[in-house]
$ cat upload28.cif   # mmCIF, C-alpha atoms
data_query
loop_
_atom_site.group_PDB
_atom_site.id
_atom_site.type_symbol
_atom_site.label_atom_id
_atom_site.label_comp_id
_atom_site.auth_asym_id
_atom_site.auth_seq_id
_atom_site.Cartn_x
_atom_site.Cartn_y
_atom_site.Cartn_z
ATOM 1 C CA MET X 188 -28.737 -0.894 2.723
ATOM 2 C CA ALA X 189 -25.858 0.756 0.884
ATOM 3 C CA ARG X 190 -24.339 2.119 4.095
ATOM 4 C CA PRO X 191 -23.682 -1.314 5.710
ATOM 5 C CA VAL X 192 -22.167 -2.539 2.440
ATOM 6 C CA ARG X 193 -19.782 0.436 2.337
ATOM 7 C CA LEU X 194 -18.845 -0.111 5.962
ATOM 8 C CA LEU X 195 -18.211 -3.805 5.304
ATOM 9 C CA ALA X 196 -16.067 -2.974 2.259
ATOM 10 C CA ARG X 197 -13.952 -0.575 4.338
ATOM 11 C CA LEU X 198 -13.585 -3.121 7.091
ATOM 12 C CA LEU X 199 -12.562 -5.893 4.669
ATOM 13 C CA TYR X 200 -10.029 -3.575 3.012
ATOM 14 C CA LEU X 201 -8.451 -2.684 6.349
ATOM 15 C CA VAL X 202 -8.434 -6.308 7.539
ATOM 16 C CA ALA X 203 -6.747 -7.456 4.310
ATOM 17 C CA ALA X 204 -4.157 -4.672 4.578
ATOM 18 C CA VAL X 205 -3.378 -5.534 8.200
ATOM 19 C CA ALA X 206 -3.083 -9.202 7.184
ATOM 20 C CA VAL X 207 -0.477 -8.227 4.552
ATOM 21 C CA LEU X 208 1.514 -6.320 7.170
ATOM 22 C CA ALA X 209 1.184 -9.096 9.758
ATOM 23 C CA ALA X 210 2.369 -11.738 7.281
ATOM 24 C CA SER X 211 5.299 -9.531 6.327
ATOM 25 C CA LEU X 212 6.282 -8.937 9.937
ATOM 26 C CA ALA X 213 6.083 -12.672 10.586
ATOM 27 C CA LEU X 214 8.728 -13.197 7.893
ATOM 28 C CA LEU X 215 11.217 -10.759 9.422
ATOM 29 C CA ALA X 216 14.634 -11.916 10.491
ATOM 30 C CA GLY X 217 14.906 -12.645 14.203
ATOM 31 C CA ASP X 218 16.695 -9.346 14.833
ATOM 32 C CA GLY X 219 14.007 -7.207 13.180
ATOM 33 C CA ARG X 220 15.777 -6.666 9.872
ATOM 34 C CA VAL X 221 13.760 -6.689 6.668
ATOM 35 C CA MET X 222 14.609 -9.588 4.412
ATOM 36 C CA GLU X 223 13.706 -9.574 0.721
ATOM 37 C CA GLY X 224 10.537 -11.646 1.123
ATOM 38 C CA PRO X 225 8.678 -9.351 3.538
ATOM 39 C CA GLY X 226 9.409 -6.290 1.406
ATOM 40 C CA GLN X 227 8.076 -8.006 -1.681
ATOM 41 C CA LEU X 228 5.018 -9.257 0.200
ATOM 42 C CA VAL X 229 4.120 -5.721 1.292
ATOM 43 C CA VAL X 230 4.708 -4.283 -2.183
ATOM 44 C CA TYR X 231 2.793 -6.928 -4.123
ATOM 45 C CA GLY X 232 0.040 -7.410 -1.557
ATOM 46 C CA MET X 233 -0.662 -3.714 -1.200
ATOM 47 C CA VAL X 234 -0.448 -3.086 -4.960
ATOM 48 C CA VAL X 235 -3.222 -5.638 -5.383
ATOM 49 C CA LEU X 236 -5.334 -3.982 -2.670
ATOM 50 C CA SER X 237 -4.741 -0.407 -3.775
ATOM 51 C CA PHE X 238 -4.324 -0.656 -7.561
ATOM 52 C CA PRO X 239 -3.745 1.724 -9.393
ATOM 53 C CA ALA X 240 -2.932 4.274 -6.648
ATOM 54 C CA GLY X 241 -0.647 1.780 -4.905
ATOM 55 C CA LEU X 242 1.325 1.306 -8.091
ATOM 56 C CA ALA X 243 1.920 5.053 -8.256
ATOM 57 C CA VAL X 244 3.122 4.971 -4.644
ATOM 58 C CA VAL X 245 5.563 2.157 -5.433
ATOM 59 C CA TYR X 246 6.947 4.077 -8.411
ATOM 60 C CA ALA X 247 7.305 7.249 -6.332
ATOM 61 C CA TRP X 248 8.917 5.313 -3.475
ATOM 62 C CA GLY X 249 11.347 3.659 -5.881
ATOM 63 C CA ALA X 250 12.175 6.985 -7.543
ATOM 64 C CA ALA X 251 12.879 8.512 -4.142
ATOM 65 C CA ALA X 252 15.113 5.560 -3.270
ATOM 66 C CA LEU X 253 16.919 5.927 -6.587
ATOM 67 C CA THR X 254 17.521 9.639 -6.121
ATOM 68 C CA THR X 255 18.924 9.037 -2.670
ATOM 69 C CA SER X 256 21.031 6.201 -4.155
ATOM 70 C CA HIS X 257 19.569 3.461 -1.987
ATOM 71 C CA LEU X 258 19.190 1.183 -5.002
ATOM 72 C CA ALA X 259 22.938 1.258 -5.484
ATOM 73 C CA ALA X 260 23.208 -0.182 -1.974
ATOM 74 C CA GLY X 261 21.411 -3.383 -3.039
ATOM 75 C CA GLU X 262 17.816 -2.599 -2.240
ATOM 76 C CA GLY X 263 14.993 -4.674 -3.596
ATOM 77 C CA ALA X 264 11.365 -3.950 -4.400
ATOM 78 C CA ALA X 265 10.357 -0.291 -4.105
ATOM 79 C CA GLY X 266 13.623 0.625 -2.433
ATOM 80 C CA ILE X 267 13.094 -1.554 0.639
ATOM 81 C CA ALA X 268 16.562 -2.649 1.682
ATOM 82 C CA ALA X 269 17.229 -6.250 2.503
ATOM 83 C CA GLY X 270 18.625 -5.978 6.004
ATOM 84 C CA GLY X 271 17.202 -2.470 6.374
ATOM 85 C CA PRO X 272 15.167 -1.112 9.256
ATOM 86 C CA ILE X 273 11.617 -2.251 9.848
ATOM 87 C CA TRP X 274 10.279 1.326 9.823
ATOM 88 C CA GLU X 275 10.854 1.488 6.042
ATOM 89 C CA LEU X 276 8.572 -1.496 5.548
ATOM 90 C CA VAL X 277 5.873 -0.084 7.826
ATOM 91 C CA ALA X 278 6.141 3.389 6.245
ATOM 92 C CA LEU X 279 5.655 1.942 2.749
ATOM 93 C CA TRP X 280 2.695 -0.136 3.954
ATOM 94 C CA LEU X 281 1.091 2.883 5.618
ATOM 95 C CA THR X 282 1.611 5.051 2.530
ATOM 96 C CA MET X 283 0.060 2.424 0.253
ATOM 97 C CA LEU X 284 -2.781 1.805 2.723
ATOM 98 C CA THR X 285 -3.588 5.523 2.766
ATOM 99 C CA ALA X 286 -3.428 5.855 -1.020
ATOM 100 C CA GLY X 287 -5.698 2.864 -1.537
ATOM 101 C CA TYR X 288 -8.172 3.959 1.121
ATOM 102 C CA LEU X 289 -8.380 7.471 -0.320
ATOM 103 C CA GLN X 290 -8.804 6.058 -3.809
ATOM 104 C CA TRP X 291 -11.511 3.490 -3.037
ATOM 105 C CA PHE X 292 -13.448 5.131 -0.225
ATOM 106 C CA VAL X 293 -13.055 8.880 -0.815
ATOM 107 C CA GLY X 294 -12.174 9.557 -4.461
ATOM 108 C CA LEU X 295 -14.296 6.931 -6.181
ATOM 109 C CA PRO X 296 -17.505 7.752 -4.274
ATOM 110 C CA ALA X 297 -16.955 11.462 -4.936
ATOM 111 C CA LEU X 298 -16.504 10.721 -8.645
ATOM 112 C CA ARG X 299 -19.705 8.637 -8.678
ATOM 113 C CA ARG X 300 -21.651 11.451 -6.983
ATOM 114 C CA ARG X 301 -20.293 13.982 -9.457
ATOM 115 C CA LEU X 302 -21.222 11.801 -12.428
ATOM 116 C CA ARG X 303 -24.726 11.248 -11.061
ATOM 117 C CA GLU X 304 -25.219 14.982 -10.562
ATOM 118 C CA SER X 305 -24.113 15.744 -14.112
ATOM 119 C CA GLU X 306 -26.529 13.247 -15.712
ATOM 120 C CA PRO X 307 -29.433 14.861 -17.520
ATOM 121 C CA LYS X 308 -32.768 14.149 -15.880
#

$ encode --input "upload28.cif" --output "structure tokens"
Amino acid sequence: MARPVRLLARLLYLVAAVAVLAASLALLAGDGRVMEGPGQLVVYGMVVLSFPAGLAVVYAWGAAALTTSHLAAGEGAAGIAAGGPIWELVALWLTMLTAGYLQWFVGLPALRRRLRESEPK
């Protein structure tokens, strides 16, 4: 019974993440540029789905943008430039999706197994 529940949880996570990306892409400017709204939707939506790993990704992404001085060029949330290329938005989404998936469906189950094995019998 636990296996179908895990599979359903993975499926729901992926569907919700794709919905965040689809909603963000629907808000793009007609010429494919990222406006402020879609960038914020990806950041906030994926932080909710992948918290706390997603938050670490956003901080790392923002730090990378700061060190390459993108923030000085008027970028918004997590270094996603308003008017920037769409690949930045998709790359951030994919990075946060991966971090959240690894956290919830690889790391957490491994931690639970390890804790169960260490319990005295």

$ resolve_selection --input "upload28.cif" --expression "the PyMOL selection byres ((chain X and resi 194-199) around 12)" --output "number ranges by chain"
X: 188-193, 200-206, 236, 284, 287-293

$ atom_distance --input "upload28.cif" --atom1 "CA of Arg303 in chain X" --atom2 "CA of Leu242 in chain X"
28.0 Å

$ atom_distance --input "upload28.cif" --atom1 "CA of Leu276 in chain X" --atom2 "CA of Pro225 in chain X"
8.1 Å

$ atom_distance --input "upload28.cif" --atom1 "CA of Thr285 in chain X" --atom2 "CA of Glu304 in chain X"
27.1 Å

$ resolve_selection --input "upload28.cif" --expression "the PyMOL selection byres ((chain X and resi 278) around 12)" --output "number ranges by chain"
X: 208, 226, 229-230, 244-245, 248, 265-267, 272-277, 279-285
